[in-house]
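Structure first, then comments.
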There are 2 protein chains.
Amino acid sequence: MHADELKQVHAELRDRLFHAGLLIPSGVDGLYGRNATFEAVVRAVDEQACLLGVDEQPEVVEFPPFLPRATFDRIGYLQTFPQLAGTVFSFTGGDREHAALVRQLEAGEEYADALSQTEITLVPACCYPVYPAATGALPLGGRVFELKTYCFRHEPSVDPMRMLAFRQREHVKLGTPDQVQEWRARWFERVPKLFSELGIDVTTEVANDAFFGRAGRFMASAQLEQELKFEFRIPVYGEEHPTACASLNYHQAHFGELFDIRGDDGAEAHSSCVGFGLERCAVALFARHGTDIESWPRAVRSRLWP
Amino acid sequence: MHADELKQVHAELRDRLFHAGLLIPSGVDGLYGRNATFEAVVRAVDEQACLLGVDEQPEVVEFPPFLPRATFDRIGYLQTFPQLAGTVFSFTGGDREHAALVRQLEAGEEYADALSQTEITLVPACCYPVYPAATGALPLGGRVFELKTYCFRHEPSVDPMRMLAFRQREHVKLGTPDQVQEWRARWFERVPKLFSELGIDVTTEVANDAFFGRAGRFMASAQLEQELKFEFRIPVYGEEHPTACASLNYHQAHFGELFDIRGDDGAEAHSSCVGFGLERCAVALFARHGTDIESWPRAVRSRLWP
């Protein structure tokens with residue numbers, strides 16, 4: 001499909017979800033409300049994604065969808081994914097500056113110059129807040145976390161599989177290279193099995209993150225070559241245009257070094273995470289089985305609501 | 001208590017919650033992770049707050065913690081609460097601009113000038129996204145919504161009752177003035193009854209929002225005089241310094257006019273909302289009954305986990 005044709009297909013699915021009341025338009029592409037049925041599917045997928053890792057006895061923690069700028073900058077997000085980053089600006093002036101801001105607002109003018117950057121950024125991947133919280137020596141065998149939060153990535157699109165704001169459920173393993181690789185190996189089996197039981201075709205593919213610009217192309221090919229990222233892709237728009245609904249990432253010692261996390265061997269910890277895009281999983285299910293969940297195949301319903 | 005003394009008391013409670021592992025520091029005041037026990041209390045309070053309004057048969061919808069800037073500006077948030085507002089800035093340059101940004105980052109310089117304002121702002125109150133979604137004629141009797149999302153207010157504080165990012169559960173009524181006032185009257189009873197059953201002292205007080213600056217003082221006194229806002233306050237830091245854990249707000253035709261919502265009488269709809277600050281409720285419970293939920297009074301436990 002050409003880009004124009006694909007955009008048309010994206011808009012058709014989005015409009016079908018609007019029409020069924022599952023998504024609620026906000027006026028901005030990629031930002032939608034969700035009705036109770038959509039949420040019930042998100043919740044059910046989320047519960048099944050949690051159950052997949054329950055035998056690892058994860059520490060369950062929740063972070064808000066905001067990250068200290070100091071953490072964001074230490075991770076280097078603006079170096080690698082500046083085009084996706086969201087940072088928070090606020091007004092910090094007094095009465096006089098506010099009067100000027102109000103004049104700009106009333107005149108319908110841009111007012112960015114009245115705002116200043118805060119110490120806060122938006123969480124682009126649900127596991128980021130956990131690494132600074134894990135600084136220090138890991139216990140024997142490492143640590144496993146289960147996390148969920150809203151993520152923000154600035155990629156406006158009519159594609160309902162690509163929202164600006166979406167929830168991720170992640171499991172994260174921190175430990176020695178062996179511990180992390182063993183953990184990762186288990187997830188290669190678990191994720192496709194779940195999707196397949198939900199009646200969804202999925203392929204597992206070596207992948208790269210959307211690193212920015214010319215320098216980013218080298219990082220992407222290194223990531224591919226070392227097989228650090230795998231995506232579980234669903235052909236919502238046909239075999240040629242599959243979308244990643246989950247991914248399995250091996251960070252080697254990246255976060256261990258950045259946040260001084262040490263494995264039970266005393267060396268810098270390795271880490272790996274598996275993340276589910278919950279809205280993507282839900283949209284994929286509606287695209288596959290229809291917008292009326294009452295008419296979904298019995299096997300799918302009983303897998304989601306056992 | 002003097003301000004310094006109060007700040008000390010705030011820090012003591014926060015440190016007690018850190019020490020018990022209920023909150024996880026992020027390095028920024030007001031931004032914390034939460035462990036599974038804290039989340040269990042949040043979830044239980046939330047469920048009870050939902051049950052209070054279940055007889056109204058609300059439409060359950062969920063919006064992400066982001067709002068279109070067009071909606072934010074139409075509501076006039078920067079006119080009234082600029083000091084609390086959060087807006088999203090992103091990087092939209094090319095390779096050359098990125099190289100300059102990376103130089104700023106590596107030199108540890110401010111880089112706000114490399115970012116530009118997006119079409120997105122942060123949700124400061126959980127009901128805001130619902131009004132533009134309700135444009136048009138309401139059905140007979142009006143509409144009731146049940147909503148939850150993360151809210152952001154830029155008020156950094158060591159007080160764990162005042163987070164930068166927190167979840168609100170809200171019920172919202174849209175209808176004729178009579179319908180809305182009847183609905184509001186029911187909540188005056190419901191909210192204090194729940195808190196009291198949770199072993200928490202609560203007072204119901206006429207209140208005003210934190211309108212900004214000199215002009216804001218007039219808005220605040222008008223709001224007080226017309227009794228448009230009531231807060232349900234809990235004396236976590238003593239009777240003299242209670243904190244609002246829930247509030248009941250009557251907007252008259254404010255949102256009906258802004259978003260062209262009409263009641264079943266054809267006139268601009270009135271609206272009212274009741275909101276629970278879920279983290280505040282949880283912190284108030286830990287402050288009142290201790291950080292070990294196993295030792296909470298039996299009546300409180302069975303009210304939260306029936």
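FYI, nothing fancy with the structure tokens labels: chains A, B, ... in order, residues from 1 per chain, ligands from 1 as they appear.
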Please identify the strand (DSSP E) residues within stretch 141-288 of chain B (assignment by DSSP from backbone atoms) and present them as a PyMOL selection string. chain B and resi 143-152+165-175+203-206+229-234+243-252+261-262+270-277
Show me, as JSON lines, the residues of chain B having an atom within 8 Å of chain A, each with the closest atom pair and its distance in Å, using only C-alpha atoms.
```
{"residue": "B:Ile24", "atom": "CA", "partner": "A:Ala133", "partner_atom": "CA", "distance": 7.3}
{"residue": "B:Pro25", "atom": "CA", "partner": "A:Ala133", "partner_atom": "CA", "distance": 7.5}
{"residue": "B:Ser26", "atom": "CA", "partner": "A:Pro68", "partner_atom": "CA", "distance": 7.0}
{"residue": "B:Gly27", "atom": "CA", "partner": "A:Pro68", "partner_atom": "CA", "distance": 7.1}
{"residue": "B:Val28", "atom": "CA", "partner": "A:Pro68", "partner_atom": "CA", "distance": 6.2}
{"residue": "B:Leu31", "atom": "CA", "partner": "A:Pro64", "partner_atom": "CA", "distance": 7.4}
{"residue": "B:Tyr32", "atom": "CA", "partner": "A:Phe63", "partner_atom": "CA", "distance": 6.7}
{"residue": "B:Gly33", "atom": "CA", "partner": "A:Phe63", "partner_atom": "CA", "distance": 4.3}
{"residue": "B:Arg34", "atom": "CA", "partner": "A:Glu62", "partner_atom": "CA", "distance": 5.2}
{"residue": "B:Asn35", "atom": "CA", "partner": "A:Val61", "partner_atom": "CA", "distance": 4.6}
{"residue": "B:Ala36", "atom": "CA", "partner": "A:Val60", "partner_atom": "CA", "distance": 5.4}
{"residue": "B:Glu39", "atom": "CA", "partner": "A:Glu62", "partner_atom": "CA", "distance": 7.5}
{"residue": "B:Glu59", "atom": "CA", "partner": "A:Ala36", "partner_atom": "CA", "distance": 7.6}
{"residue": "B:Val60", "atom": "CA", "partner": "A:Ala36", "partner_atom": "CA", "distance": 5.4}
{"residue": "B:Val61", "atom": "CA", "partner": "A:Asn35", "partner_atom": "CA", "distance": 4.6}
{"residue": "B:Glu62", "atom": "CA", "partner": "A:Arg34", "partner_atom": "CA", "distance": 5.2}
{"residue": "B:Phe63", "atom": "CA", "partner": "A:Gly33", "partner_atom": "CA", "distance": 4.4}
{"residue": "B:Pro64", "atom": "CA", "partner": "A:Ala165", "partner_atom": "CA", "distance": 6.4}
{"residue": "B:Pro65", "atom": "CA", "partner": "A:Tyr150", "partner_atom": "CA", "distance": 7.8}
{"residue": "B:Phe66", "atom": "CA", "partner": "A:Ala165", "partner_atom": "CA", "distance": 7.4}
{"residue": "B:Leu67", "atom": "CA", "partner": "A:Leu31", "partner_atom": "CA", "distance": 7.9}
{"residue": "B:Pro68", "atom": "CA", "partner": "A:Val28", "partner_atom": "CA", "distance": 6.2}
{"residue": "B:Asp73", "atom": "CA", "partner": "A:Leu105", "partner_atom": "CA", "distance": 7.7}
{"residue": "B:Leu78", "atom": "CA", "partner": "A:Val102", "partner_atom": "CA", "distance": 7.6}
{"residue": "B:Gln79", "atom": "CA", "partner": "A:Val102", "partner_atom": "CA", "distance": 6.0}
{"residue": "B:Pro82", "atom": "CA", "partner": "A:Phe91", "partner_atom": "CA", "distance": 5.7}
{"residue": "B:Gln83", "atom": "CA", "partner": "A:Phe91", "partner_atom": "CA", "distance": 5.4}
{"residue": "B:Leu84", "atom": "CA", "partner": "A:Ser90", "partner_atom": "CA", "distance": 7.3}
{"residue": "B:Ala85", "atom": "CA", "partner": "A:Ser90", "partner_atom": "CA", "distance": 5.7}
{"residue": "B:Gly86", "atom": "CA", "partner": "A:Ser90", "partner_atom": "CA", "distance": 5.1}
{"residue": "B:Thr87", "atom": "CA", "partner": "A:Phe89", "partner_atom": "CA", "distance": 5.2}
{"residue": "B:Val88", "atom": "CA", "partner": "A:Val88", "partner_atom": "CA", "distance": 5.0}
{"residue": "B:Phe89", "atom": "CA", "partner": "A:Thr87", "partner_atom": "CA", "distance": 5.2}
{"residue": "B:Ser90", "atom": "CA", "partner": "A:Gly86", "partner_atom": "CA", "distance": 5.1}
{"residue": "B:Phe91", "atom": "CA", "partner": "A:Gln83", "partner_atom": "CA", "distance": 5.4}
{"residue": "B:Thr92", "atom": "CA", "partner": "A:Gln83", "partner_atom": "CA", "distance": 6.0}
{"residue": "B:Gly93", "atom": "CA", "partner": "A:Gln83", "partner_atom": "CA", "distance": 7.9}
{"residue": "B:Gly94", "atom": "CA", "partner": "A:Gly213", "partner_atom": "CA", "distance": 7.5}
{"residue": "B:Asp95", "atom": "CA", "partner": "A:Gly213", "partner_atom": "CA", "distance": 5.8}
{"residue": "B:His98", "atom": "CA", "partner": "A:Pro82", "partner_atom": "CA", "distance": 7.7}
{"residue": "B:Val102", "atom": "CA", "partner": "A:Gln79", "partner_atom": "CA", "distance": 6.0}
{"residue": "B:Leu105", "atom": "CA", "partner": "A:Asp73", "partner_atom": "CA", "distance": 7.7}
{"residue": "B:Ala112", "atom": "CA", "partner": "A:Gln117", "partner_atom": "CA", "distance": 6.1}
{"residue": "B:Ser116", "atom": "CA", "partner": "A:Ala112", "partner_atom": "CA", "distance": 7.4}
{"residue": "B:Gln117", "atom": "CA", "partner": "A:Ala112", "partner_atom": "CA", "distance": 6.1}
{"residue": "B:Glu119", "atom": "CA", "partner": "A:Val28", "partner_atom": "CA", "distance": 7.7}
{"residue": "B:Pro129", "atom": "CA", "partner": "A:Ser26", "partner_atom": "CA", "distance": 7.7}
{"residue": "B:Pro132", "atom": "CA", "partner": "A:Ser26", "partner_atom": "CA", "distance": 7.6}
{"residue": "B:Ala133", "atom": "CA", "partner": "A:Ser26", "partner_atom": "CA", "distance": 7.1}
{"residue": "B:Tyr150", "atom": "CA", "partner": "A:Pro64", "partner_atom": "CA", "distance": 7.5}
{"residue": "B:His154", "atom": "CA", "partner": "A:Ser90", "partner_atom": "CA", "distance": 7.2}
{"residue": "B:Ala165", "atom": "CA", "partner": "A:Pro64", "partner_atom": "CA", "distance": 6.4}
{"residue": "B:Phe166", "atom": "CA", "partner": "A:Pro64", "partner_atom": "CA", "distance": 7.5}
{"residue": "B:Gly213", "atom": "CA", "partner": "A:Asp95", "partner_atom": "CA", "distance": 5.9}
{"residue": "B:Arg214", "atom": "CA", "partner": "A:Asp95", "partner_atom": "CA", "distance": 7.2}
```
Can you list, as a VMD selection string, every residue of stretch 95-258 of chain B that DSSP puts in helix (DSSP H, G or I)? chain B and resid 95 to 106 112 to 114 128 to 130 132 to 134 177 to 197 213 to 225 254 to 258
In terms of the shortest atom-to-atom distance over only C-alpha atoms, which of A:Val41, A:Val123, A:Leu174, A:Val283 is closest to A:Arg162?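 Distance minimum relative to A:Arg162 lands on A:Val283.
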Using only C-alpha atoms, which residues sit within 12 Å of B:Ala222 once same-chain residues fewer than 4 positions away are excluded, as a ChimeraX atom specification? /B:206-209,211,215-218,226-229
File of the preceding selection, N, CA, C and O atoms, as a CSV table (one decimal), in the first residue's frame:
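Generated file (selection-v3.csv):
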```
chain,number,residue,atom,x,y,z
B,206,VAL,N,-17.3,25.4,53.0
B,206,VAL,CA,-17.3,26.2,51.8
B,206,VAL,C,-15.9,26.6,51.4
B,206,VAL,O,-15.1,26.9,52.3
B,207,ALA,N,-15.6,26.6,50.1
B,207,ALA,CA,-14.2,26.8,49.8
B,207,ALA,C,-14.1,27.5,48.5
B,207,ALA,O,-15.1,27.8,47.8
B,208,ASN,N,-12.8,27.9,48.2
B,208,ASN,CA,-12.6,28.5,46.8
B,208,ASN,C,-11.4,27.9,46.2
B,208,ASN,O,-10.5,27.4,46.9
B,209,ASP,N,-11.4,28.0,44.9
B,209,ASP,CA,-10.2,27.5,44.2
B,209,ASP,C,-9.0,28.5,44.3
B,209,ASP,O,-9.3,29.6,44.7
B,211,PHE,N,-7.4,30.6,42.7
B,211,PHE,CA,-7.3,31.5,41.6
B,211,PHE,C,-6.1,32.4,41.7
B,211,PHE,O,-5.7,32.8,42.8
B,215,ALA,N,-6.5,39.7,40.5
B,215,ALA,CA,-7.8,39.5,39.9
B,215,ALA,C,-8.5,38.3,40.5
B,215,ALA,O,-9.7,38.2,40.6
B,216,GLY,N,-7.7,37.3,40.8
B,216,GLY,CA,-8.2,36.0,41.3
B,216,GLY,C,-8.9,36.1,42.6
B,216,GLY,O,-9.8,35.3,42.9
B,217,ARG,N,-8.5,37.1,43.4
B,217,ARG,CA,-9.1,37.3,44.7
B,217,ARG,C,-10.6,37.6,44.6
B,217,ARG,O,-11.4,37.1,45.4
B,218,PHE,N,-11.0,38.3,43.6
B,218,PHE,CA,-12.4,38.6,43.4
B,218,PHE,C,-13.1,37.4,43.0
B,218,PHE,O,-14.2,37.1,43.5
B,226,GLN,N,-21.2,32.6,46.7
B,226,GLN,CA,-22.2,31.8,46.0
B,226,GLN,C,-22.2,30.3,46.4
B,226,GLN,O,-23.1,29.6,45.9
B,227,GLU,N,-21.3,30.0,47.3
B,227,GLU,CA,-21.2,28.6,47.8
B,227,GLU,C,-21.2,27.6,46.6
B,227,GLU,O,-22.0,26.6,46.6
B,228,LEU,N,-20.3,27.8,45.7
B,228,LEU,CA,-20.1,27.0,44.5
B,228,LEU,C,-19.2,25.8,44.8
B,228,LEU,O,-19.2,24.8,44.0
B,229,LYS,N,-18.4,25.9,45.8
B,229,LYS,CA,-17.4,24.8,46.0
B,229,LYS,C,-17.4,24.4,47.5
B,229,LYS,O,-17.3,25.3,48.4
```
Please identify all polymer residues within 9 Å of B:Gln168, counting only C-alpha atoms, omitting same-chain residues fewer than 4 positions from it, and present them as a count of residues only. 13
Distance of atom CA of B:Ala269 from atom CA of B:Arg143, expressed in Å to one decimal place: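 That distance, rounded to one decimal, is 10.3 Å.
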Just to confirm, what's the straight-line distance from atom CA of A:Ala246 to atom CA of A:Glu225 in Å (one decimal)?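 According to the coordinates, atom CA of A:Ala246 and atom CA of A:Glu225 are separated by 20.0 Å.
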Using only C-alpha atoms, the residue out of B:Pro192, B:Gly256, B:Gly199, B:Gly266 with shortest distance to B:Arg233 is B:Pro192
